[in-house]
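Report on the following structure.
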Amino acid sequence: MAEPITGSREGSLDAPTRHPLEWTQAEFWDRQALDSELERVFNICHGCRRCVSLCHAFPTLFDLIDASSSMEIDGVAKSDYNKVVEQCYLCDLCYLTKCPYVPPHPWNVDFPHLMLRAKAVEFREHGAPLSARVLSNTRAVGKLASIPVVVQTINAANKNKTARKLLEKTMDVDAQARVPTYHVPTARKRLRKLDGSGEAKPAGRTRGKVAIFATCYCDHSEPGVVEDLAAVLAHNAIPVRMVESESCCGMPKFELGDLDTVRKYKERNIPVLAKMAREGWDFTAAIPSCVLMFKQELPLMFPDDADVALVRDHFFDPFEYLADRHKAGLLRTDFKQSLGKVAWQVPCHQRVQKIGPKTRDILQLVPDAEVTTIERCSGHDGTYGVKHKTYALSRKLAKPVESRVAQAEADHFTSDCPMAGSHIAHGLGDKPEAEHPLSLLRKAYAI
């Protein structure tokens with residue numbers, strides 16, 4: 001039998017805290033130590049089962065336990081632990097919304113970061129398939145796909161059934177999954193003339209001038225969203241420019257467990273961002289995962305790096321920034337177009353920023369706007385929603401959101417994550433189509 005779970009519940013009502021990711025320590029990479037910690041945490045999860053509805057990682061774990069000879073964690077082969085790990089896409093919701101045993105509770109359960117550790121050990125020991133390494137290299141793929149002439153070929157191939165079947169066989173991208181459409185020019189090229197001129201007016205935590213981190217996805221596949229963000233900021237008299245130069249934020253490699261490449265991206269991005277932060281710039285990006293990387297994951301990976309902390313303190317979700325401006329009476333509300341009913345899916349990586357429903361709050365400033373909030377995972381979750389072996393599961397996870405959107409009978413469907421929005425809209429036959437909330441806000445301003 002497994003060892004009984006013991007320990008005090010003292011501290012369980014305190015605010016959750018996050019310990020730094022001790023990935024530079026030898027024990028982090030020790031397979032035996034990892035398996036021991038997996039067994040400990042899996043045993044706690046088995047005794048609780050509160051997170052069973054969040055994703056497929058927990059049903060996988062509980063099915064393994066229930067099918068074992070002892071019906072306890074000691075009956076599960078350690079070689080099967082990775083079946084649980086590969087179903088975790090690091091959404092962080094179990095940590096934030098469900099688990100009663102997160103730090104400062106003495107049981108110290110951080111399921112997402114334990115899964116990350118397991119992914120990292122697996123990656124260091126065995127690497128990853130070529131398809132996973134290519135799909136997680138979002139900046140390189142975007143640059144290649146956004147070359148003139150090449151872009152038309154790739155976009156056409158992505159709509160061709162024969163080409164998609166070949167892509168499924170060679171790159172594990174499900175033939176039914178929606179893949180990005182690539183654009184030229186990119187967002188950074190479209191907005192390269194932004195000079196950030198104008199008077200900065202600080203308010204709350206905001207310093208009143210913003211540099212936009214384009215992100216790999218928006219730069220190459222949703223440049224219009226970055227343009228909308230810049231237009232909304234400019235309309236509110238906020239000096240705006242693009243970040244001087246950028247690499248991938250690192251989230252795709254982070255989810256793969258390739259922490260050494262995350263460090264390489266950090267070493268390219270942070271000096272540029274820290275320099276701009278010292279010059280008075282705040283930062284934002286139109287994808288919550290990229291914002292979260294700078295707000296949470298890099299600071300936990302590099303807790304002693306002052307420049308990482310400086311960037312963290314000046315990185316904002318776009319609507320978090322606008323809400324601070326509104327609180328200070330600096331946000332324009334001269335809306336010229338109503339939005340009507342809006343169905344808003346809240347991305348997981350925005351929820352775990354603990355900023356509250358700022359997108360809803362700002363959109364509801366538009367006269368007659370009525371926002372239905374849907375706090376459920378889209379099922380896209382990085383590459384999880386496009387890989388052949390997990391695509392069907394991702395569609396099951398998206399189904400409750402799709403049903404809520406359909407029931408809302410809204411004029412607009414929106415998600416702060418363009419990938420999540422596209423995934424949900426795909427399941428609905430694009431009725432309605434996905435629109436980014438920044439695009440809706442710009443539409444309401446009629447600018």
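Lettering and numbering for the structure tokens are positional, with chains as A, B, ... in the shown order, residues counted from 1 in each chain, and ligands counted from 1 in the shown order.
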
Report as a short mmCIF file (atom, residue, chain, number, x, y, z; two decimals) with C-alpha atoms, in the first residue's frame all protein, DNA and RNA residues lying within 12 Å of Phe316 of chain A, evaluated on only C-alpha atoms, omitting residues in the same chain fewer than 4 positions from it.
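After the write, selection00.cif holds the following:
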data_model
loop_
_atom_site.label_atom_id
_atom_site.label_comp_id
_atom_site.auth_asym_id
_atom_site.auth_seq_id
_atom_site.Cartn_x
_atom_site.Cartn_y
_atom_site.Cartn_z
CA ARG A 205 1.49 51.46 -11.75
CA THR A 206 1.53 52.66 -15.36
CA ARG A 207 4.14 55.15 -16.47
CA LYS A 209 4.26 55.13 -22.44
CA VAL A 210 4.17 51.62 -23.86
CA ALA A 211 6.44 49.44 -25.97
CA ILE A 212 4.61 46.56 -27.66
CA PHE A 213 6.11 43.06 -27.67
CA TRP A 281 8.81 52.25 -20.94
CA ASP A 282 6.09 49.84 -19.88
CA PHE A 283 5.40 46.71 -21.94
CA THR A 284 2.42 44.79 -23.20
CA ALA A 285 1.58 42.02 -25.67
CA ALA A 286 -1.64 40.79 -27.25
CA ILE A 287 -1.16 37.14 -26.18
CA PRO A 288 -1.61 36.27 -22.48
CA SER A 289 0.94 33.42 -22.58
CA CYS A 290 3.69 35.81 -23.63
CA VAL A 291 2.73 38.29 -20.93
CA LEU A 292 2.70 35.48 -18.35
CA MET A 293 6.17 34.36 -19.41
CA PHE A 294 7.62 37.74 -18.45
CA LYS A 295 5.37 38.22 -15.43
CA GLN A 296 5.75 34.79 -13.82
CA VAL A 311 10.86 43.74 -16.71
CA ARG A 312 8.31 41.76 -14.69
CA GLU A 320 -4.92 45.54 -17.18
CA TYR A 321 -3.06 48.60 -18.44
CA LEU A 322 -6.19 50.26 -19.79
CA ALA A 323 -8.04 49.56 -16.54
CA ASP A 324 -5.35 51.36 -14.54
CA GLN A 350 -4.76 35.44 -18.45
CA GLN A 353 -2.18 36.51 -13.88
CA LYS A 354 -4.66 37.27 -11.09
CA ILE A 355 -5.73 40.60 -12.57
CA LYS A 358 -10.29 43.57 -16.88
#

(request) Would you mind listing what lies within 10 Å of Thr138 of chain A as a list in words, with only C-alpha atoms counted and same-chain residues fewer than 2 positions away left out? (result) Arg133, Val134, Leu135, Ser136, Ala140, Val141, Gly142, Lys143, Leu144, Thr215, Cys216, Tyr217, His220, Ser247, Cys248, Cys249, Gly250, Met251, Pro252 and Lys253 of chain A

Can you write out as a Markdown table which residues of segment 29-144 of chain A fall within 12 Å of segment 398-418 of chain A, alongside each residue's closest atom pair and its distance in Å to one decimal, counting only C-alpha atoms and ordering rows by chain and ascending residue number?
| residue | atom | partner | partner_atom | distance |
| --- | --- | --- | --- | --- |
| A:Ser53 | CA | A:Pro400 | CA | 11.4 |
| A:Leu54 | CA | A:Ala398 | CA | 11.4 |
| A:Cys55 | CA | A:Ala398 | CA | 10.6 |

(request) Return as a ChimeraX atom specification the full set of residues in segment 76-286 of chain A whose backbone-based DSSP assignment is strand (DSSP E or B). (result) /A:173,203,206,210-212,240-242,282-284

(request) Return the single residue from A:Leu21, A:Leu365, A:Met242, A:Ala328 that is closest to Ala203 of chain A, with distances computed using only C-alpha atoms. (result)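 When distances to Ala203 of chain A are compared using only C-alpha atoms, the smallest one comes from A:Ala328.
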
Using only C-alpha atoms, what does the table of segment 151-267 of chain A residues within 7 Å of segment 114-131 of chain A look like, with each row giving the shortest atom pair and its distance in Å to one decimal, sorted by chain and ascending number, as a tab-separated table?
residue	atom	partner	partner_atom	distance
A:Met171	CA	A:Ser131	CA	4.6
A:Asp172	CA	A:Ser131	CA	6.5
A:Leu256	CA	A:Lys119	CA	6.5
A:Gly257	CA	A:Ala120	CA	3.9
A:Asp258	CA	A:Ala120	CA	6.0
A:Leu259	CA	A:Ala120	CA	6.7

Just to be explicit: take each residue in the selection above, keep C-alpha atoms, and write the result as an mmCIF file, in the first residue's frame.
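Everything below was put into result35.cif:
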data_model
loop_
_atom_site.group_PDB
_atom_site.id
_atom_site.type_symbol
_atom_site.label_atom_id
_atom_site.label_comp_id
_atom_site.auth_asym_id
_atom_site.auth_seq_id
_atom_site.Cartn_x
_atom_site.Cartn_y
_atom_site.Cartn_z
ATOM 1 C CA MET A 171 4.903 16.755 -38.446
ATOM 2 C CA ASP A 172 2.096 15.272 -36.315
ATOM 3 C CA LEU A 256 8.359 21.391 -24.251
ATOM 4 C CA GLY A 257 10.731 21.289 -21.271
ATOM 5 C CA ASP A 258 13.620 22.786 -23.240
ATOM 6 C CA LEU A 259 14.748 25.117 -20.467
#

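Remark: for Asp228 of chain A, the closest of the candidate residues A:Ser439, A:Leu339, A:Val308, A:Tyr445 is A:Ser439 (distances computed over only C-alpha atoms).
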
(request) Among the residues of segment 179-424 of chain A, find those DSSP assigns to alpha helix (DSSP H) from the backbone and print them as a ChimeraX atom specification. (result) /A:187-190,216-221,223-235,251-256,259-278,288-292,298-301,306-313,318-327,348-351,358-363,388-408,418-424

(message) For a quick check of understanding, using only C-alpha atoms, which of A:Thr261, A:Thr383, A:Arg178, A:Phe254 has the smallest distance to His426 of chain A?
(response)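 Selected residue with least distance to His426 of chain A: A:Arg178.
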
(request) Write out as a PyMOL selection string the residues lying within 9 Å of Ala200 of chain A, counting only C-alpha atoms and excluding same-chain residues fewer than 2 positions away. (result) chain A and resi 197-198+202+207-209+237-239

Only C-alpha atoms, please: the residues just picked out, written as an mmCIF file, in the first residue's frame.
data_model
loop_
_atom_site.group_PDB
_atom_site.id
_atom_site.type_symbol
_atom_site.label_atom_id
_atom_site.label_comp_id
_atom_site.auth_asym_id
_atom_site.auth_seq_id
_atom_site.Cartn_x
_atom_site.Cartn_y
_atom_site.Cartn_z
ATOM 1 C CA SER A 197 6.661 60.464 -29.226
ATOM 2 C CA GLY A 198 4.307 62.372 -26.978
ATOM 3 C CA PRO A 202 1.813 58.222 -15.266
ATOM 4 C CA ARG A 207 4.144 55.149 -16.465
ATOM 5 C CA GLY A 208 2.170 56.289 -19.490
ATOM 6 C CA LYS A 209 4.259 55.128 -22.442
ATOM 7 C CA ALA A 237 -2.782 59.648 -25.777
ATOM 8 C CA ILE A 238 -0.310 56.976 -24.694
ATOM 9 C CA PRO A 239 3.018 57.215 -26.534
#

(request) Determine the nearest neighbour of Gln337 of chain A from the options A:His349, A:Arg442, A:Lys78, A:Lys161, counting only C-alpha atoms. (result) A:Arg442

(request) Point out the residue among A:Ala277, A:Arg360, A:His423, A:Val84 with the least atom-to-atom distance to Pro180 of chain A, counting only C-alpha atoms. (result)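 Under the stated criterion, the closest residue is A:His423.
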
(request) Within 9 Å of Pro357 of chain A, counting only C-alpha atoms, which residues show up once you throw out same-chain ones fewer than 5 positions away? Write them as a ChimeraX atom specification, please. (result) /A:319-320,346,351,362,373

(request) Grab the atom CA of Asp110 of chain A to atom CA of Phe62 of chain A distance for me, in Å with one decimal place. (result) 17.8 Å

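If you look at atom CA of Trp29 of chain A and atom CA of Asn82 of chain A, they are 15.2 Å away from each other.
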
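Ranking A:Cys348, A:Leu167, A:Ala369, A:Ala145 by their shortest atom-to-atom distance to Tyr182 of chain A, with only C-alpha atoms included, puts A:Ala145 first.
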
(message) Just the number, please: distance in Å from atom CA of Lys165 of chain A to atom CA of Thr186 of chain A, one decimal.
(response) 28.0 Å
